[in-house]
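Let me begin by presenting the structure, written as structure tokens, before commenting on it.
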Amino acid sequence: MTDNDTSGITERRSPRRHVALALLSARDEVLLVRHTPETRYGLPMACVGRDADDSALTNAVTGLQTTLFAEDSPVADSAWLGRFAAPDDEGRLDMLEVYVARLGQARLKRDTNQVMAWAPLLSPPPENMIDPAIELQVMPALALLIES
């Protein structure tokens, strides 16, 4: 094998850390987004540093709300739901810090570069609609919140 032959070497990388916002409607649905050309929906999320502190995570959640909410909408109070494992497209695990908030009086922007959909928490979604990490880990945790 030469120095230029890397076909048999798997690239190692540190897990990435993402902050996701589980935004709940009054009807107990969660907002999902899909960017083209992706085929599955996921939560709105932003990448943060691996050693981001609580303040950085909170700022990321506020930034997600600013991206999603209409200009005159108030920022919603949010709470940390938990940390989840989220495999990327190559099967490498990333960390997903999920915060939950209620939409309340806020209105969503209409002119975003992503497709938005509301998914009910208490009924199963159509097959292959939602990113598996979100569907199998986060959605059940959210459903437990609204059932209690």
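Chain labels A, B, ... are given in the sequence in which chains occur in the structure tokens; within each chain residues are numbered consecutively from 1, and ligands are likewise numbered from 1 in the order shown.
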For this session: Could you give me, as a ChimeraX atom specification, each residue of range 5-71 of chain A that DSSP assigns to helix (DSSP H, G or I) when run on this structure's backbone?
Result: /A:54-68
Any chance you could export the current selection's all heavy atoms as a short mmCIF file (atom, residue, chain, number, x, y, z; two decimals), in the first residue's frame?
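Dumped to again_19.cif:
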data_model
loop_
_atom_site.label_atom_id
_atom_site.label_comp_id
_atom_site.auth_asym_id
_atom_site.auth_seq_id
_atom_site.Cartn_x
_atom_site.Cartn_y
_atom_site.Cartn_z
N ASP A 54 -23.64 25.11 28.77
CA ASP A 54 -25.10 25.31 28.78
C ASP A 54 -25.51 26.60 28.09
O ASP A 54 -26.53 26.65 27.40
CB ASP A 54 -25.62 25.31 30.22
CG ASP A 54 -25.59 23.93 30.85
OD1 ASP A 54 -25.47 22.93 30.11
OD2 ASP A 54 -25.69 23.85 32.09
N SER A 55 -24.72 27.64 28.26
CA SER A 55 -25.03 28.92 27.62
C SER A 55 -24.99 28.80 26.10
O SER A 55 -25.86 29.32 25.40
CB SER A 55 -24.04 29.99 28.11
OG SER A 55 -24.28 31.20 27.46
N ALA A 56 -24.00 28.11 25.57
CA ALA A 56 -23.89 27.92 24.13
C ALA A 56 -25.06 27.09 23.60
O ALA A 56 -25.59 27.37 22.52
CB ALA A 56 -22.56 27.26 23.77
N LEU A 57 -25.47 26.08 24.36
CA LEU A 57 -26.61 25.25 23.95
C LEU A 57 -27.89 26.08 23.93
O LEU A 57 -28.69 26.00 22.99
CB LEU A 57 -26.76 24.04 24.87
CG LEU A 57 -25.59 23.06 24.90
CD1 LEU A 57 -25.82 21.98 25.94
CD2 LEU A 57 -25.33 22.46 23.54
N THR A 58 -28.09 26.89 24.97
CA THR A 58 -29.27 27.74 25.04
C THR A 58 -29.27 28.76 23.90
O THR A 58 -30.32 29.02 23.30
CB THR A 58 -29.32 28.47 26.41
OG1 THR A 58 -29.33 27.48 27.44
CG2 THR A 58 -30.56 29.32 26.54
N ASN A 59 -28.12 29.32 23.60
CA ASN A 59 -28.02 30.27 22.48
C ASN A 59 -28.35 29.58 21.15
O ASN A 59 -28.98 30.18 20.28
CB ASN A 59 -26.63 30.89 22.42
CG ASN A 59 -26.41 31.89 23.53
OD1 ASN A 59 -27.34 32.41 24.13
ND2 ASN A 59 -25.14 32.15 23.82
N ALA A 60 -27.94 28.33 20.99
CA ALA A 60 -28.26 27.59 19.77
C ALA A 60 -29.77 27.37 19.65
O ALA A 60 -30.34 27.49 18.55
CB ALA A 60 -27.52 26.25 19.75
N VAL A 61 -30.43 27.06 20.76
CA VAL A 61 -31.89 26.88 20.75
C VAL A 61 -32.58 28.19 20.38
O VAL A 61 -33.51 28.21 19.56
CB VAL A 61 -32.40 26.35 22.11
CG1 VAL A 61 -33.92 26.35 22.17
CG2 VAL A 61 -31.86 24.96 22.37
N THR A 62 -32.12 29.28 20.95
CA THR A 62 -32.68 30.60 20.62
C THR A 62 -32.46 30.91 19.14
O THR A 62 -33.35 31.42 18.47
CB THR A 62 -32.05 31.70 21.50
OG1 THR A 62 -32.31 31.38 22.87
CG2 THR A 62 -32.62 33.07 21.18
N GLY A 63 -31.29 30.57 18.62
CA GLY A 63 -31.01 30.77 17.20
C GLY A 63 -31.93 29.95 16.31
O GLY A 63 -32.39 30.43 15.26
N LEU A 64 -32.23 28.72 16.71
CA LEU A 64 -33.17 27.90 15.94
C LEU A 64 -34.56 28.54 15.93
O LEU A 64 -35.22 28.58 14.90
CB LEU A 64 -33.25 26.48 16.53
CG LEU A 64 -32.05 25.59 16.28
CD1 LEU A 64 -32.13 24.33 17.14
CD2 LEU A 64 -31.95 25.23 14.80
N GLN A 65 -34.99 29.06 17.08
CA GLN A 65 -36.29 29.71 17.13
C GLN A 65 -36.31 30.96 16.25
O GLN A 65 -37.29 31.20 15.54
CB GLN A 65 -36.65 30.07 18.57
CG GLN A 65 -36.96 28.86 19.42
CD GLN A 65 -37.45 29.22 20.80
OE1 GLN A 65 -38.07 30.26 21.00
NE2 GLN A 65 -37.17 28.37 21.77
N THR A 66 -35.23 31.71 16.27
CA THR A 66 -35.14 32.91 15.43
C THR A 66 -35.25 32.54 13.95
O THR A 66 -35.87 33.25 13.17
CB THR A 66 -33.82 33.65 15.70
OG1 THR A 66 -33.77 34.00 17.08
CG2 THR A 66 -33.70 34.90 14.86
N THR A 67 -34.65 31.43 13.58
CA THR A 67 -34.71 30.95 12.19
C THR A 67 -36.12 30.53 11.80
O THR A 67 -36.55 30.74 10.67
CB THR A 67 -33.74 29.76 12.00
OG1 THR A 67 -32.43 30.19 12.34
CG2 THR A 67 -33.76 29.25 10.58
N LEU A 68 -36.84 29.92 12.75
CA LEU A 68 -38.17 29.37 12.45
C LEU A 68 -39.32 30.35 12.63
O LEU A 68 -40.31 30.28 11.91
CB LEU A 68 -38.44 28.16 13.35
CG LEU A 68 -37.56 26.94 13.16
CD1 LEU A 68 -37.78 25.95 14.29
CD2 LEU A 68 -37.85 26.29 11.81
#
Exercise. Which residues come within 10 Å of Leu43 in chain A, counting only C-alpha atoms, excluding same-chain residues fewer than 5 positions away, as a list in words?
Worked result: Val19, Ala20, Leu21, Ala22, Leu23, Val30, Leu31, Leu32, Val33, Arg34, Val98, Met116, Ile130, Asp131, Ile134 and Val138 of chain A
Give me a file of those residues, with N, CA and C atoms, as a short mmCIF file (atom, residue, chain, number, x, y, z; two decimals), in the first residue's frame.
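Okay, this is what ended up in out20.cif:
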data_model
loop_
_atom_site.label_atom_id
_atom_site.label_comp_id
_atom_site.auth_asym_id
_atom_site.auth_seq_id
_atom_site.Cartn_x
_atom_site.Cartn_y
_atom_site.Cartn_z
N VAL A 19 -27.64 20.47 18.44
CA VAL A 19 -28.75 20.89 19.28
C VAL A 19 -29.99 20.85 18.40
N ALA A 20 -31.04 20.19 18.89
CA ALA A 20 -32.29 20.09 18.14
C ALA A 20 -33.42 20.69 18.96
N LEU A 21 -34.40 21.25 18.26
CA LEU A 21 -35.56 21.85 18.90
C LEU A 21 -36.80 21.03 18.57
N ALA A 22 -37.42 20.46 19.60
CA ALA A 22 -38.70 19.76 19.44
C ALA A 22 -39.77 20.78 19.78
N LEU A 23 -40.33 21.39 18.76
CA LEU A 23 -41.33 22.44 18.92
C LEU A 23 -42.71 21.82 18.87
N VAL A 30 -45.37 17.63 16.78
CA VAL A 30 -44.01 18.16 16.78
C VAL A 30 -43.67 18.64 15.37
N LEU A 31 -42.98 19.76 15.30
CA LEU A 31 -42.57 20.31 14.01
C LEU A 31 -41.37 19.54 13.49
N LEU A 32 -41.49 19.06 12.27
CA LEU A 32 -40.39 18.38 11.58
C LEU A 32 -40.01 19.19 10.35
N VAL A 33 -38.75 19.13 9.97
CA VAL A 33 -38.27 19.84 8.79
C VAL A 33 -37.50 18.89 7.89
N ARG A 34 -37.49 19.24 6.62
CA ARG A 34 -36.73 18.46 5.63
C ARG A 34 -36.09 19.45 4.67
N VAL A 98 -31.49 17.48 22.72
CA VAL A 98 -32.83 17.88 22.31
C VAL A 98 -33.46 18.76 23.39
N MET A 116 -41.66 22.03 5.93
CA MET A 116 -42.09 21.81 7.31
C MET A 116 -43.33 20.93 7.34
N ILE A 130 -39.61 9.78 8.77
CA ILE A 130 -38.83 10.49 9.78
C ILE A 130 -37.49 9.80 9.95
N ASP A 131 -36.46 10.61 10.16
CA ASP A 131 -35.13 10.09 10.45
C ASP A 131 -35.25 9.05 11.58
N ILE A 134 -34.70 10.05 15.26
CA ILE A 134 -35.78 10.88 15.81
C ILE A 134 -37.01 10.02 16.08
N VAL A 138 -36.50 9.99 20.02
CA VAL A 138 -37.01 11.28 20.49
C VAL A 138 -38.54 11.30 20.52
#
Problem set entry | Selection near His35 in chain A, 12 Å with only C-alpha atoms, sequence-local residues under 3 positions removed, as a VMD selection string | chain A and resid 32 38 to 45 112 to 117
Just write the chosen residues, N, CA and C atoms, as a JSON list (two decimals), in the first residue's frame.
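Resulting contents of result_37.json:
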[["chain", "number", "residue", "atom", "x", "y", "z"],
["A", 32, "LEU", "N", -41.49, 19.06, 12.27],
["A", 32, "LEU", "CA", -40.39, 18.38, 11.58],
["A", 32, "LEU", "C", -40.01, 19.19, 10.35],
["A", 38, "GLU", "N", -32.82, 15.92, 0.85],
["A", 38, "GLU", "CA", -33.06, 14.86, 1.81],
["A", 38, "GLU", "C", -34.46, 14.28, 1.63],
["A", 39, "THR", "N", -34.62, 13.03, 2.01],
["A", 39, "THR", "CA", -35.93, 12.38, 1.84],
["A", 39, "THR", "C", -36.68, 12.22, 3.15],
["A", 40, "ARG", "N", -35.97, 12.30, 4.28],
["A", 40, "ARG", "CA", -36.62, 12.11, 5.58],
["A", 40, "ARG", "C", -36.66, 13.42, 6.36],
["A", 41, "TYR", "N", -37.68, 13.51, 7.19],
["A", 41, "TYR", "CA", -37.84, 14.67, 8.06],
["A", 41, "TYR", "C", -37.07, 14.46, 9.36],
["A", 42, "GLY", "N", -36.66, 15.55, 9.96],
["A", 42, "GLY", "CA", -36.00, 15.52, 11.25],
["A", 42, "GLY", "C", -36.38, 16.77, 12.03],
["A", 43, "LEU", "N", -35.80, 16.91, 13.19],
["A", 43, "LEU", "CA", -36.02, 18.11, 13.99],
["A", 43, "LEU", "C", -35.14, 19.25, 13.48],
["A", 44, "PRO", "N", -35.59, 20.49, 13.65],
["A", 44, "PRO", "CA", -34.69, 21.61, 13.34],
["A", 44, "PRO", "C", -33.46, 21.50, 14.24],
["A", 45, "MET", "N", -32.28, 21.62, 13.66],
["A", 45, "MET", "CA", -31.07, 21.46, 14.48],
["A", 45, "MET", "C", -29.94, 22.34, 13.99],
["A", 112, "THR", "N", -39.13, 29.87, 4.27],
["A", 112, "THR", "CA", -37.90, 29.20, 4.67],
["A", 112, "THR", "C", -37.43, 28.29, 3.54],
["A", 113, "ASN", "N", -36.19, 27.86, 3.62],
["A", 113, "ASN", "CA", -35.64, 26.98, 2.58],
["A", 113, "ASN", "C", -35.76, 25.51, 2.97],
["A", 114, "GLN", "N", -36.75, 25.20, 3.79],
["A", 114, "GLN", "CA", -36.98, 23.83, 4.21],
["A", 114, "GLN", "C", -38.47, 23.52, 4.18],
["A", 115, "VAL", "N", -38.78, 22.26, 4.00],
["A", 115, "VAL", "CA", -40.17, 21.81, 4.02],
["A", 115, "VAL", "C", -40.53, 21.51, 5.46],
["A", 116, "MET", "N", -41.66, 22.03, 5.93],
["A", 116, "MET", "CA", -42.09, 21.81, 7.31],
["A", 116, "MET", "C", -43.33, 20.93, 7.34],
["A", 117, "ALA", "N", -43.42, 20.11, 8.38],
["A", 117, "ALA", "CA", -44.59, 19.26, 8.58],
["A", 117, "ALA", "C", -44.80, 19.06, 10.07]]
Problem set entry | DSSP-assigned strand (DSSP E or B) among chain A, expressed as an MDAnalysis selection string | chainID A and resid 17:24 29:34 41:42 45:48 69 78:87 93:102 108 115:120 130
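Distances to Arg17 in chain A were evaluated for A:Cys47, A:Met129, A:Leu136, A:Ile146 using only C-alpha atoms, and the minimum falls at A:Cys47.
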